[in-house]
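S.K.: What follows is structure_24.cif, made up of mmCIF, C-alpha atoms:
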```cif
data_target
loop_
_atom_site.label_atom_id
_atom_site.label_comp_id
_atom_site.auth_asym_id
_atom_site.auth_seq_id
_atom_site.Cartn_x
_atom_site.Cartn_y
_atom_site.Cartn_z
CA MET A 1 -56.42 18.41 -15.21
CA ARG A 2 -52.74 18.56 -15.91
CA MET A 3 -52.23 20.68 -12.83
CA VAL A 4 -53.83 18.12 -10.59
CA LEU A 5 -51.91 15.24 -12.14
CA PHE A 6 -48.50 16.34 -11.04
CA SER A 7 -49.24 18.46 -8.04
CA HIS A 8 -48.68 15.25 -6.12
CA GLY A 9 -45.01 15.14 -6.88
CA LEU A 10 -43.55 18.04 -8.73
CA VAL A 11 -44.65 21.05 -6.70
CA PRO A 12 -43.56 19.87 -3.25
CA THR A 13 -40.31 18.50 -4.71
CA ARG A 14 -39.50 21.86 -6.23
CA PHE A 15 -40.34 23.69 -3.02
CA LEU A 16 -38.18 21.43 -0.85
CA ILE A 17 -35.25 21.53 -3.23
CA ILE A 18 -35.30 25.33 -3.41
CA LEU A 19 -35.32 25.43 0.38
CA SER A 20 -32.41 23.02 0.63
CA HIS A 21 -30.36 25.15 -1.75
CA LEU A 22 -31.28 28.19 0.30
CA SER A 23 -30.17 26.60 3.55
CA ILE A 24 -26.84 25.39 2.20
CA ALA A 25 -26.12 28.81 0.67
CA VAL A 26 -26.84 30.51 3.98
CA LEU A 27 -24.60 27.98 5.74
CA ILE A 28 -21.69 28.69 3.41
CA LEU A 29 -22.20 32.43 3.83
CA TRP A 30 -21.91 31.96 7.56
CA SER A 31 -18.79 29.73 7.60
CA ARG A 32 -16.81 30.62 4.51
CA ASP A 33 -13.42 30.97 6.22
CA GLN A 34 -11.95 27.61 5.19
CA ASN A 35 -13.15 27.93 1.62
CA VAL A 36 -11.59 31.37 1.26
CA LYS A 37 -8.30 30.07 2.67
CA SER A 38 -8.27 27.14 0.27
CA CYS A 39 -8.09 29.39 -2.77
CA LEU A 40 -5.19 31.42 -1.45
CA SER A 41 -1.53 30.36 -1.51
CA LEU A 42 0.06 29.17 1.69
CA ASP A 43 1.52 32.58 2.53
CA TYR A 44 -1.22 35.06 1.90
CA THR A 45 -1.59 38.64 2.97
CA ASP A 46 -4.60 40.14 4.68
CA GLU A 47 -5.54 42.15 1.58
CA GLU A 48 -5.67 39.01 -0.58
CA TYR A 49 -7.81 37.31 2.02
CA LEU A 50 -10.25 40.23 2.19
CA LEU A 51 -10.47 40.38 -1.61
CA GLN A 52 -11.32 36.68 -1.99
CA ASP A 53 -13.69 36.92 0.94
CA LYS A 54 -15.52 39.82 -0.65
CA GLU A 55 -15.78 37.92 -3.96
CA LEU A 56 -17.30 34.90 -2.29
CA VAL A 57 -19.71 37.03 -0.25
CA ILE A 58 -20.90 38.83 -3.38
CA GLY A 59 -21.40 35.53 -5.21
CA LEU A 60 -23.34 33.97 -2.37
CA SER A 61 -25.49 37.05 -1.82
CA ILE A 62 -26.45 37.25 -5.48
CA ALA A 63 -27.30 33.55 -5.42
CA LEU A 64 -29.50 34.10 -2.39
CA GLY A 65 -31.17 37.00 -4.13
CA LEU A 66 -31.89 34.93 -7.24
CA LEU A 67 -33.21 32.14 -5.03
CA GLY A 68 -35.52 34.60 -3.31
CA PHE A 69 -36.76 35.84 -6.68
CA GLU A 70 -37.45 32.30 -7.82
CA LEU A 71 -39.21 31.41 -4.59
CA LEU A 72 -41.39 34.47 -5.02
CA GLY A 73 -42.37 33.49 -8.55
CA PHE A 74 -43.06 29.94 -7.39
CA LEU A 75 -45.11 30.70 -4.28
CA SER A 76 -47.15 33.35 -5.98
CA GLY A 77 -48.41 30.63 -8.28
CA VAL A 78 -47.21 32.16 -11.56
CA THR A 79 -44.73 29.38 -12.34
CA MET A 80 -46.01 26.74 -9.92
CA PHE A 81 -47.67 24.61 -12.57
CA VAL A 82 -45.32 25.02 -15.52
CA PRO A 83 -43.63 21.58 -15.80
CA LEU A 84 -40.56 22.61 -17.83
CA THR A 85 -39.61 25.34 -15.37
CA ALA A 86 -40.25 22.95 -12.50
CA MET A 87 -37.98 20.26 -13.95
CA ILE A 88 -35.14 22.66 -14.73
CA SER A 89 -35.48 24.16 -11.27
CA ILE A 90 -35.43 20.75 -9.58
CA ALA A 91 -32.40 19.59 -11.58
CA CYS A 92 -30.40 22.78 -11.02
CA HIS A 93 -31.15 23.30 -7.36
CA GLY A 94 -30.73 19.59 -6.62
CA SER A 95 -27.28 19.48 -8.15
CA ALA A 96 -26.47 22.81 -6.45
CA SER A 97 -27.33 21.39 -3.04
CA ILE A 98 -25.15 18.32 -3.55
CA LEU A 99 -22.22 20.20 -5.08
CA LEU A 100 -22.33 22.98 -2.49
CA THR A 101 -22.19 20.34 0.22
CA TYR A 102 -19.03 19.00 -1.41
CA PHE A 103 -17.83 22.59 -1.71
CA VAL A 104 -17.99 22.98 2.05
CA LEU A 105 -16.85 19.52 3.13
CA ASP A 106 -13.98 19.02 0.66
CA GLU A 107 -12.86 22.67 0.83
CA TRP A 108 -13.03 23.29 -2.88
CA ASP A 109 -11.31 26.16 -4.61
CA CYS A 110 -13.44 29.29 -4.53
CA HIS A 111 -13.09 29.71 -8.30
CA LEU A 112 -15.20 26.58 -8.71
CA TYR A 113 -18.01 28.43 -6.98
CA TRP A 114 -18.56 30.62 -10.05
CA TRP A 115 -19.28 27.54 -12.18
CA LEU A 116 -21.84 26.41 -9.63
CA PHE A 117 -23.29 29.91 -9.58
CA THR A 118 -23.73 30.06 -13.35
CA PHE A 119 -25.32 26.68 -13.86
CA CYS A 120 -27.24 26.25 -10.66
CA SER A 121 -28.36 29.74 -9.63
CA VAL A 122 -28.48 31.85 -12.78
CA LEU A 123 -30.03 29.26 -15.06
CA PRO A 124 -33.17 28.53 -13.02
CA ALA A 125 -33.64 32.25 -12.29
CA VAL A 126 -33.45 33.02 -16.02
CA THR A 127 -35.97 30.31 -16.91
CA GLU A 128 -38.19 31.61 -14.10
CA ALA A 129 -38.02 35.15 -15.48
CA VAL A 130 -38.72 33.92 -19.02
CA THR A 131 -41.73 31.92 -17.81
CA ILE A 132 -43.10 34.91 -15.88
CA LEU A 133 -42.70 37.16 -18.93
CA ARG A 134 -44.34 34.59 -21.19
CA SER A 135 -47.29 34.20 -18.84
CA LEU A 136 -47.67 38.01 -18.66
CA PHE A 137 -47.58 38.42 -22.45
CA LEU A 138 -49.86 35.44 -23.09
CA LYS A 139 -52.40 36.84 -20.65
CA ASN A 140 -52.34 40.08 -22.51
CA MET B 141 -59.79 -23.32 -6.26
CA ALA B 142 -57.05 -20.90 -5.28
CA VAL B 143 -54.95 -19.29 -7.99
CA TYR B 144 -51.49 -17.76 -7.90
CA GLU B 145 -49.46 -15.67 -10.33
CA VAL B 146 -47.43 -18.08 -12.40
CA PHE B 147 -45.85 -15.67 -14.90
CA SER B 148 -46.00 -12.01 -15.95
CA TYR B 149 -44.47 -9.85 -18.67
CA CYS B 150 -44.57 -6.14 -19.51
CA ALA B 151 -46.56 -4.31 -22.12
CA LYS B 152 -44.67 -1.37 -23.57
CA TYR B 153 -45.82 2.22 -23.99
CA ARG B 154 -43.76 3.91 -26.68
CA HIS B 155 -43.18 7.65 -26.76
CA LYS B 156 -42.11 9.03 -30.10
CA THR B 157 -40.97 12.46 -31.13
CA THR B 158 -39.09 14.27 -33.87
CA ILE B 159 -35.35 14.85 -33.64
CA CYS B 160 -35.66 18.58 -32.90
CA SER B 161 -37.92 18.67 -29.90
CA SER B 162 -37.64 19.28 -26.19
CA ALA B 163 -38.04 15.57 -25.53
CA SER B 164 -34.92 14.85 -27.58
CA VAL B 165 -32.99 17.51 -25.71
CA PHE B 166 -34.19 16.05 -22.44
CA ILE B 167 -33.11 12.53 -23.41
CA VAL B 168 -29.70 13.73 -24.63
CA VAL B 169 -29.07 15.63 -21.39
CA ILE B 170 -30.14 12.68 -19.25
CA SER B 171 -28.00 10.25 -21.28
CA LEU B 172 -24.94 12.48 -20.87
CA LEU B 173 -25.58 12.59 -17.15
CA ILE B 174 -25.91 8.82 -16.97
CA ILE B 175 -22.64 8.22 -18.85
CA LEU B 176 -20.50 10.98 -17.37
CA GLY B 177 -21.90 11.14 -13.85
CA PRO B 178 -20.52 7.82 -12.56
CA PHE B 179 -17.14 8.53 -14.17
CA LEU B 180 -16.92 11.85 -12.34
CA LEU B 181 -17.93 10.34 -9.02
CA VAL B 182 -15.53 7.41 -9.28
CA TYR B 183 -12.60 9.48 -10.55
CA ARG B 184 -12.90 12.13 -7.85
CA SER B 185 -12.98 9.59 -5.06
CA ASN B 186 -9.40 8.50 -5.87
CA GLY B 187 -7.97 5.19 -6.89
CA PHE B 188 -9.74 4.87 -10.24
CA TRP B 189 -6.66 4.14 -12.32
CA LEU B 190 -4.49 1.49 -10.69
CA ARG B 191 -0.99 2.95 -10.97
CA THR B 192 0.90 0.48 -8.79
CA SER B 193 0.11 -2.88 -7.29
CA ALA B 194 1.97 -5.30 -5.06
CA TYR B 195 2.68 -9.02 -5.01
CA ARG B 196 4.67 -11.37 -2.77
CA GLU B 197 7.47 -13.64 -3.85
CA GLN B 198 10.49 -15.31 -2.38
CA PRO B 199 13.45 -14.31 -4.55
CA GLU B 200 15.92 -16.84 -5.87
CA VAL B 201 19.22 -15.77 -4.34
CA HIS B 202 22.63 -17.38 -4.75
CA PHE B 203 25.73 -16.27 -2.94
CA LYS B 204 28.32 -15.78 -5.63
CA TYR B 205 31.18 -16.77 -3.28
CA GLN B 206 32.76 -13.37 -3.74
CA TYR B 207 33.39 -11.18 -0.72
CA VAL B 208 35.49 -8.34 0.60
CA LEU B 209 36.28 -8.31 4.30
CA ILE B 210 38.07 -5.30 5.76
CA ILE B 211 39.37 -5.74 9.30
CA GLU B 212 40.16 -2.46 11.02
CA THR B 213 42.93 -2.62 13.54
CA GLU B 214 44.68 -0.09 15.74
CA GLN B 215 46.89 0.67 12.73
CA PHE B 216 43.97 2.46 11.19
CA ASN B 217 45.57 3.42 7.90
CA ASN B 218 46.59 -0.17 7.21
CA PRO B 219 43.58 -2.44 7.59
CA LEU B 220 43.67 -6.13 6.78
CA ILE B 221 41.70 -6.83 3.60
CA CYS B 222 40.59 -10.35 2.84
CA SER B 223 38.85 -10.98 -0.44
CA THR B 224 38.20 -13.42 -3.24
CA PHE B 225 39.32 -10.65 -5.60
CA SER B 226 43.05 -11.34 -5.73
CA TYR B 227 44.10 -7.78 -6.45
CA LEU B 228 42.49 -6.55 -3.26
CA ARG B 229 44.18 -8.80 -0.78
CA SER B 230 46.67 -6.98 1.35
CA THR B 231 49.89 -8.68 0.43
CA ASP B 232 52.07 -6.38 2.46
CA HIS B 233 50.32 -7.07 5.71
CA ASN B 234 52.86 -8.93 7.81
CA GLU B 235 50.77 -9.33 10.85
CA GLY B 236 47.73 -11.32 9.91
CA HIS B 237 46.48 -14.23 7.91
CA CYS B 238 43.51 -13.94 5.72
CA ALA B 239 40.40 -15.72 6.70
CA ILE B 240 39.44 -19.30 6.58
CA VAL B 241 35.93 -19.26 5.22
CA LYS B 242 33.21 -21.79 5.80
CA SER B 243 29.96 -21.12 4.01
CA ARG B 244 26.84 -22.98 3.05
CA GLU B 245 23.46 -22.13 1.64
CA ILE B 246 20.50 -23.92 3.11
CA ASP B 247 17.04 -24.60 1.64
CA ASN B 248 14.95 -25.14 4.76
CA ASP B 249 11.54 -25.75 3.23
CA GLU B 250 12.84 -27.74 0.24
CA ASP B 251 11.10 -25.60 -2.38
CA GLY B 252 14.15 -25.28 -4.62
CA LYS B 253 15.08 -21.78 -3.42
CA TYR B 254 17.74 -21.15 -0.82
CA ASP B 255 16.43 -19.67 2.42
CA GLU B 256 19.62 -18.68 4.20
CA LEU B 257 23.34 -18.29 3.89
CA SER B 258 25.62 -19.16 6.77
CA ILE B 259 29.20 -17.92 6.48
CA GLU B 260 32.06 -17.94 8.94
CA PHE B 261 35.40 -16.18 8.71
CA SER B 262 38.35 -16.89 10.95
CA VAL B 263 41.16 -14.27 11.07
CA VAL B 264 44.42 -14.69 12.87
CA LEU B 265 46.00 -11.42 13.98
CA GLU B 266 48.47 -11.97 16.75
CA SER B 267 49.55 -8.66 18.11
CA THR B 268 47.06 -6.11 16.86
CA ALA B 269 43.66 -5.41 18.34
CA ILE B 270 40.63 -5.46 16.04
CA TYR B 271 38.29 -2.51 16.36
CA GLY B 272 35.94 -2.87 13.42
CA ILE B 273 34.89 -4.85 10.39
CA LYS B 274 33.38 -4.05 7.01
CA LEU B 275 31.96 -6.93 5.01
CA LEU B 276 30.74 -6.89 1.40
CA LEU B 277 29.01 -10.02 0.11
CA VAL B 278 28.06 -10.40 -3.55
CA PHE B 279 24.78 -12.13 -4.45
CA ASP B 280 23.04 -13.17 -7.62
CA TYR B 281 19.40 -12.07 -7.20
CA LYS B 282 16.57 -13.36 -9.38
CA LEU B 283 12.82 -12.74 -9.52
CA HIS B 284 10.47 -14.76 -11.70
CA ALA B 285 6.80 -14.11 -10.98
CA MET B 286 6.27 -10.82 -12.87
CA SER B 287 9.25 -9.59 -14.89
CA SER B 288 12.36 -11.75 -15.09
CA LEU B 289 14.75 -9.72 -13.03
CA GLN B 290 18.33 -10.85 -12.64
CA MET B 291 20.94 -8.70 -11.01
CA GLU B 292 24.13 -8.76 -9.02
CA SER B 293 23.59 -7.21 -5.62
CA LEU B 294 25.50 -6.50 -2.45
CA GLY B 295 24.99 -7.18 1.20
CA TYR B 296 27.00 -4.65 3.18
CA LEU B 297 27.59 -5.04 6.89
CA GLN B 298 29.80 -2.87 9.02
CA HIS B 299 30.51 -2.59 12.69
CA SER B 300 33.01 -0.66 14.77
CA ALA B 301 33.46 -0.68 18.50
CA GLY B 302 35.44 1.06 21.19
CA LEU B 303 36.66 -2.21 22.68
CA PRO B 304 38.85 -4.63 20.75
CA GLY B 305 36.89 -7.65 19.64
CA ALA B 306 37.33 -11.37 19.71
CA ARG B 307 34.14 -12.36 17.97
CA PHE B 308 31.39 -10.85 15.86
CA ASP B 309 28.08 -12.58 15.17
CA ALA B 310 25.33 -11.16 13.06
CA THR B 311 22.06 -12.28 11.54
CA ALA B 312 20.21 -10.26 8.91
CA ASP B 313 17.62 -10.41 6.12
CA LEU B 314 18.39 -9.62 2.51
CA HIS B 315 15.73 -7.16 1.35
CA LEU B 316 15.13 -5.62 -2.02
CA VAL B 317 14.99 -1.84 -2.08
CA GLN B 318 13.20 -0.40 -5.08
CA ARG B 319 12.99 3.29 -5.95
CA LYS B 320 10.61 2.71 -8.83
CA PRO B 321 7.96 0.04 -9.41
CA LEU B 322 9.11 -3.10 -11.20
CA ASN B 323 7.78 -3.98 -14.64
CA SER B 324 5.15 -6.67 -14.81
CA TYR B 325 6.59 -8.41 -17.87
CA GLY B 326 9.79 -8.81 -19.83
CA ARG B 327 13.38 -9.20 -18.75
CA ASP B 328 15.24 -6.78 -16.58
CA LEU B 329 18.96 -7.35 -16.88
CA LYS B 330 20.08 -3.78 -16.37
CA TYR B 331 21.99 -4.48 -13.19
CA ASN B 332 23.38 -7.86 -14.17
CA THR B 333 26.93 -6.48 -14.28
CA SER B 334 29.70 -6.88 -11.77
CA ILE B 335 29.73 -4.31 -9.01
CA ILE B 336 33.34 -4.89 -7.99
CA ALA B 337 35.72 -5.16 -10.93
CA ASN B 338 37.26 -8.58 -11.36
CA GLU B 339 40.75 -7.31 -12.03
CA ASN B 340 42.74 -4.28 -11.18
CA THR B 341 42.91 -1.92 -14.12
CA LEU B 342 44.62 1.41 -14.04
CA TYR B 343 41.50 3.49 -13.92
CA GLN B 344 39.48 1.19 -11.74
CA ARG B 345 41.05 1.00 -8.36
CA PHE B 346 39.09 -0.38 -5.48
CA ASP B 347 37.49 2.51 -3.64
CA LEU B 348 34.81 1.43 -1.24
CA SER B 349 33.12 4.81 -1.06
CA THR B 350 32.77 5.02 -4.87
CA ILE B 351 31.42 1.49 -5.05
CA LEU B 352 28.87 2.17 -2.34
CA LYS B 353 27.86 5.50 -3.90
CA GLU B 354 27.34 3.90 -7.31
CA TYR B 355 25.45 1.05 -5.69
CA GLY B 356 23.28 3.49 -3.77
CA ARG B 357 22.30 5.19 -7.04
CA ARG B 358 20.64 2.08 -8.40
CA ARG B 359 16.94 1.92 -9.05
CA VAL B 360 16.80 -1.59 -7.60
CA SER B 361 19.25 -2.89 -5.02
CA THR B 362 19.42 -5.09 -1.95
CA ILE B 363 20.17 -4.18 1.61
CA LEU B 364 20.79 -6.12 4.78
CA SER B 365 18.04 -5.26 7.19
CA ASN B 366 16.59 -6.64 10.42
CA ILE B 367 20.17 -6.92 11.69
CA TYR B 368 20.99 -8.42 15.07
CA SER B 369 24.71 -8.05 15.72
CA LEU B 370 26.84 -9.04 18.65
CA TRP B 371 30.39 -7.80 19.23
CA THR B 372 32.21 -9.79 21.82
CA ALA B 373 35.17 -7.91 23.27
CA GLY B 374 38.48 -9.66 23.75
CA LEU B 375 42.09 -9.71 22.65
CA SER B 376 43.18 -11.18 19.34
CA SER B 377 46.21 -12.70 20.99
CA ASP B 378 43.92 -15.19 22.71
CA GLY B 379 42.87 -16.84 19.48
CA PRO B 380 41.54 -16.19 16.00
CA PHE B 381 38.91 -13.51 15.41
CA ILE B 382 35.69 -15.30 14.44
CA LEU B 383 33.10 -13.57 12.29
CA THR B 384 29.83 -15.42 11.65
CA VAL B 385 27.02 -14.05 9.54
CA VAL B 386 23.65 -15.67 8.81
CA ILE B 387 21.68 -14.03 6.02
CA HIS B 388 18.07 -15.00 5.41
CA TYR B 389 16.33 -14.68 2.05
CA PRO B 390 12.73 -14.01 3.10
CA GLU B 391 9.55 -13.63 1.07
CA GLN B 392 8.86 -9.98 0.41
CA ASN B 393 6.28 -7.59 -1.07
CA PHE B 394 7.26 -6.16 -4.45
CA ILE B 395 5.60 -3.14 -6.05
CA TYR B 396 5.03 -3.31 -9.80
CA ARG B 397 3.32 -1.34 -12.52
CA PRO B 398 0.22 -3.22 -13.72
CA ARG B 399 -0.49 -3.59 -17.41
CA PHE B 400 -3.41 -2.29 -19.47
CA TRP B 401 -6.03 -4.98 -18.96
CA GLN B 402 -5.48 -5.16 -15.19
CA VAL B 403 -5.97 -1.39 -14.96
CA VAL B 404 -9.05 -1.46 -17.21
CA LYS B 405 -10.56 -4.39 -15.30
CA TRP B 406 -10.43 -2.52 -11.99
CA ALA B 407 -11.60 0.74 -13.55
CA TRP B 408 -14.54 -0.96 -15.25
CA MET B 409 -15.60 -2.67 -12.02
CA GLN B 410 -15.70 0.67 -10.23
CA TYR B 411 -17.48 2.43 -13.09
CA ILE B 412 -20.18 -0.13 -13.69
CA SER B 413 -21.10 -0.44 -10.04
CA VAL B 414 -21.98 3.26 -9.93
CA LEU B 415 -23.45 3.20 -13.44
CA LEU B 416 -26.09 0.68 -12.35
CA VAL B 417 -27.29 3.03 -9.62
CA PHE B 418 -27.42 5.97 -12.03
CA LEU B 419 -29.31 3.88 -14.61
CA TYR B 420 -31.92 2.91 -12.05
CA VAL B 421 -32.39 6.44 -10.71
CA PHE B 422 -32.64 8.11 -14.10
CA LYS B 423 -34.96 5.40 -15.42
CA SER B 424 -37.35 6.35 -12.61
CA VAL B 425 -36.98 10.03 -13.55
CA LYS B 426 -37.64 9.34 -17.24
CA THR B 427 -40.62 7.11 -16.42
CA TYR B 428 -42.09 9.85 -14.18
CA VAL B 429 -41.58 12.56 -16.79
CA PHE B 430 -43.05 10.64 -19.72
CA ARG B 431 -45.84 8.94 -17.81
CA ASN B 432 -47.12 12.27 -16.47
CA ARG B 433 -46.62 13.97 -19.85
CA LEU B 434 -44.40 16.68 -18.45
CA ILE B 435 -42.68 16.94 -21.82
CA PRO B 436 -44.76 16.74 -25.02
CA SER B 437 -44.35 13.53 -27.03
CA ILE B 438 -46.53 11.13 -29.02
CA LYS B 439 -47.63 8.16 -26.95
CA TYR B 440 -48.31 4.77 -28.61
CA VAL B 441 -50.43 2.44 -26.48
CA PRO B 442 -49.86 -1.25 -27.32
CA TRP B 443 -53.50 -2.35 -27.48
CA LYS B 444 -54.66 0.55 -29.62
CA LYS B 445 -53.90 0.65 -33.30
CA SER B 446 -54.00 4.47 -33.41
CA LEU B 447 -52.94 7.15 -30.88
#
```
Can you give me the file's structure in the form of structure tokens?
M.R.:
Amino acid sequence: MRMVLFSHGLVPTRFLIILSHLSIAVLILWSRDQNVKSCLSLDYTDEEYLLQDKELVIGLSIALGLLGFELLGFLSGVTMFVPLTAMISIACHGSASILLTYFVLDEWDCHLYWWLFTFCSVLPAVTEAVTILRSLFLKN
Amino acid sequence: MAVYEVFSYCAKYRHKTTICSSASVFIVVISLLIILGPFLLVYRSNGFWLRTSAYREQPEVHFKYQYVLIIETEQFNNPLICSTFSYLRSTDHNEGHCAIVKSREIDNDEDGKYDELSIEFSVVLESTAIYGIKLLLVFDYKLHAMSSLQMESLGYLQHSAGLPGARFDATADLHLVQRKPLNSYGRDLKYNTSIIANENTLYQRFDLSTILKEYGRRRVSTILSNIYSLWTAGLSSDGPFILTVVIHYPEQNFIYRPRFWQVVKWAWMQYISVLLVFLYVFKSVKTYVFRNRLIPSIKYVPWKKSL
């Protein structure tokens, strides 16, 4: 009964928000040049540029990986109908989409990306993993 | 008989929970978002705290009837100096007579503040050609609307030409130049001291470059701007050298530092306009969450005595 009640709103919202976060992360991965330049000083060397670039690429790739993991857990149905996970996921990925849009448009410092990564990519993935583990143990 | 809705009011569902529960955590997080979110948005979009503001006023200016007029002739190391400061007048200048001055201040719109100064000098120099002039006029400058500013200020005009002159006409505006914003209250009498010393003391000789440098260091000063000048060439043997200057005292924008309540008023307006949107959005979120029982809590229905 509870599943039917909120499948009207919560499940599609969560799905769309995860997809929006995914698309903005892919977009930043593709055009990260300006953001890398904005966290270097005005006269930077090529090595510094490559270092910052590599950092940002690693961060974005891990975020994409965690997103993929969460999408897997969601679409397989394990965490589709757990409301707490759904709400945390919607809040985190929603704020991630908005803040990453600002990240691209306002050319934020690339150090700020790690804050976004912690609160908006790691947190929902951790709650997802915890929910999956709980459902596995409870089944047993 | 047709009926219509004449009045309606809400019945309340109450959701109760203990202090340590996920519903409390949820409410605390949402409340923090509601309070801090608008502040973040408004602060990051610039202009939250009003640091400077501007207002318009026509200053109250009086010409103090003190001037220094330096006429440069072909004897360039011996210019003719005419001045109301007696120690500056060139007494050893055999050639020329100091100026006959006609001056008047006019209030065109009859609002009690002078709008222009019209001053005319007439110099007789028979056998030397005049190649340039430097004119220093001393004004008493007052502002009333925000802080009470009173200061002595200069209008400096200079012109030099390749051809000897018979006449020089100029018209200019007296503008305030401020390096820092003015205060919005109180009295500002810092520059109400004489710029050119009234008498010749041993350590205070008249040195135009020092006076101008000290004057240029001021936080608030006046300058002659919007200058239209006309140098008419001719020989001084044909008649006296006429110098006419018209100085307008126009209304001007002044930048000042606003006080606490003005700053808070603007900040609050910006904050509350975004806060209303956040309140509405998060009320919808909270209603959705508690109505659909996404977080466990005890629901009290108004028409039932028990749960």
S.K.: Expanded to explicit residues, what is the PyMOL selection byres ((chain B and resi 361) around 6) for this file, as a list in words?
M.R.: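 So the PyMOL selection byres ((chain B and resi 361) around 6), applied here, picks out Leu316, Val317, Val360 and Thr362 of chain B.
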S.K.: Export C-alpha atoms of the chosen residues as an mmCIF file, in the coordinates of the input?
M.R.:
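Saved result, again-v9.cif, follows:
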```
data_model
loop_
_atom_site.group_PDB
_atom_site.id
_atom_site.type_symbol
_atom_site.label_atom_id
_atom_site.label_comp_id
_atom_site.auth_asym_id
_atom_site.auth_seq_id
_atom_site.Cartn_x
_atom_site.Cartn_y
_atom_site.Cartn_z
ATOM 1 C CA LEU B 316 15.130 -5.620 -2.020
ATOM 2 C CA VAL B 317 14.990 -1.840 -2.080
ATOM 3 C CA VAL B 360 16.800 -1.590 -7.600
ATOM 4 C CA THR B 362 19.420 -5.090 -1.950
#
```
S.K.: Give the answer as one residue: which of A:Gly65, A:Lys54, A:Thr85, A:Leu75 has the shortest atom-to-atom distance to chain B, using all atoms listed in the file?
M.R.: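 Of A:Gly65, A:Lys54, A:Thr85, A:Leu75, the one nearest chain B, counting all atoms listed in the file, is A:Thr85.
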S.K.: Would you kindly translate the PyMOL selection byres ((chain B and resi 326) around 12) into the concrete residues it picks from this file, as a list in words?
M.R.: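 When the PyMOL selection byres ((chain B and resi 326) around 12) is applied to the shown file, the picked residues are Leu283, His284, Ala285, Met286, Ser287, Ser288, Leu289, Gln290, Leu322, Asn323, Ser324, Tyr325, Arg327, Asp328, Leu329, Lys330 and Arg399 of chain B.
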S.K.: With C-alpha atoms retained, could you export that selection as a PDB file, in the coordinates of the input?
M.R.:
```
ATOM      1  CA  LEU B 283      12.820 -12.740  -9.520  1.00  0.00           C
ATOM      2  CA  HIS B 284      10.470 -14.760 -11.700  1.00  0.00           C
ATOM      3  CA  ALA B 285       6.800 -14.110 -10.980  1.00  0.00           C
ATOM      4  CA  MET B 286       6.270 -10.820 -12.870  1.00  0.00           C
ATOM      5  CA  SER B 287       9.250  -9.590 -14.890  1.00  0.00           C
ATOM      6  CA  SER B 288      12.360 -11.750 -15.090  1.00  0.00           C
ATOM      7  CA  LEU B 289      14.750  -9.720 -13.030  1.00  0.00           C
ATOM      8  CA  GLN B 290      18.330 -10.850 -12.640  1.00  0.00           C
ATOM      9  CA  LEU B 322       9.110  -3.100 -11.200  1.00  0.00           C
ATOM     10  CA  ASN B 323       7.780  -3.980 -14.640  1.00  0.00           C
ATOM     11  CA  SER B 324       5.150  -6.670 -14.810  1.00  0.00           C
ATOM     12  CA  TYR B 325       6.590  -8.410 -17.870  1.00  0.00           C
ATOM     13  CA  ARG B 327      13.380  -9.200 -18.750  1.00  0.00           C
ATOM     14  CA  ASP B 328      15.240  -6.780 -16.580  1.00  0.00           C
ATOM     15  CA  LEU B 329      18.960  -7.350 -16.880  1.00  0.00           C
ATOM     16  CA  LYS B 330      20.080  -3.780 -16.370  1.00  0.00           C
ATOM     17  CA  ARG B 399      -0.490  -3.590 -17.410  1.00  0.00           C
TER      18      ARG B 399
END
```
S.K.: Around the point (-11.0, 36.2, -0.6) in the file's coordinates, collect all residues with an atom within 10 Å, using all atoms listed in the file, and return them as a PyMOL selection string.
M.R.: chain A and resi 32-33+35-40+46-57+110
S.K.: Restrict the distance test to all atoms listed in the file, flag each residue of chain B within 10 Å of chain A, and return the flagged residues as a PyMOL selection string.
M.R.: chain B and resi 162+428-429+432-435
S.K.: Counting only C-alpha atoms, write as a list in words all protein and nucleic acid residues lying at most 10 Å from (-28.9, 21.1, -8.8) in the file's frame.
M.R.: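 So the residues meeting the distance criterion are Ile17, Ile18, His21, Ile88, Ser89, Ile90, Ala91, Cys92, His93, Gly94, Ser95, Ala96, Ser97, Ile98, Leu99, Leu100, Leu116, Phe119, Cys120, Ser121 and Pro124 of chain A.
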S.K.: Between CA of His202 (chain B) and CA of Phe308 (chain B), what distance in Å does the model show, to one decimal?
M.R.: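 Taking CA of His202 (chain B) and CA of Phe308 (chain B), their separation equals 23.3 Å.
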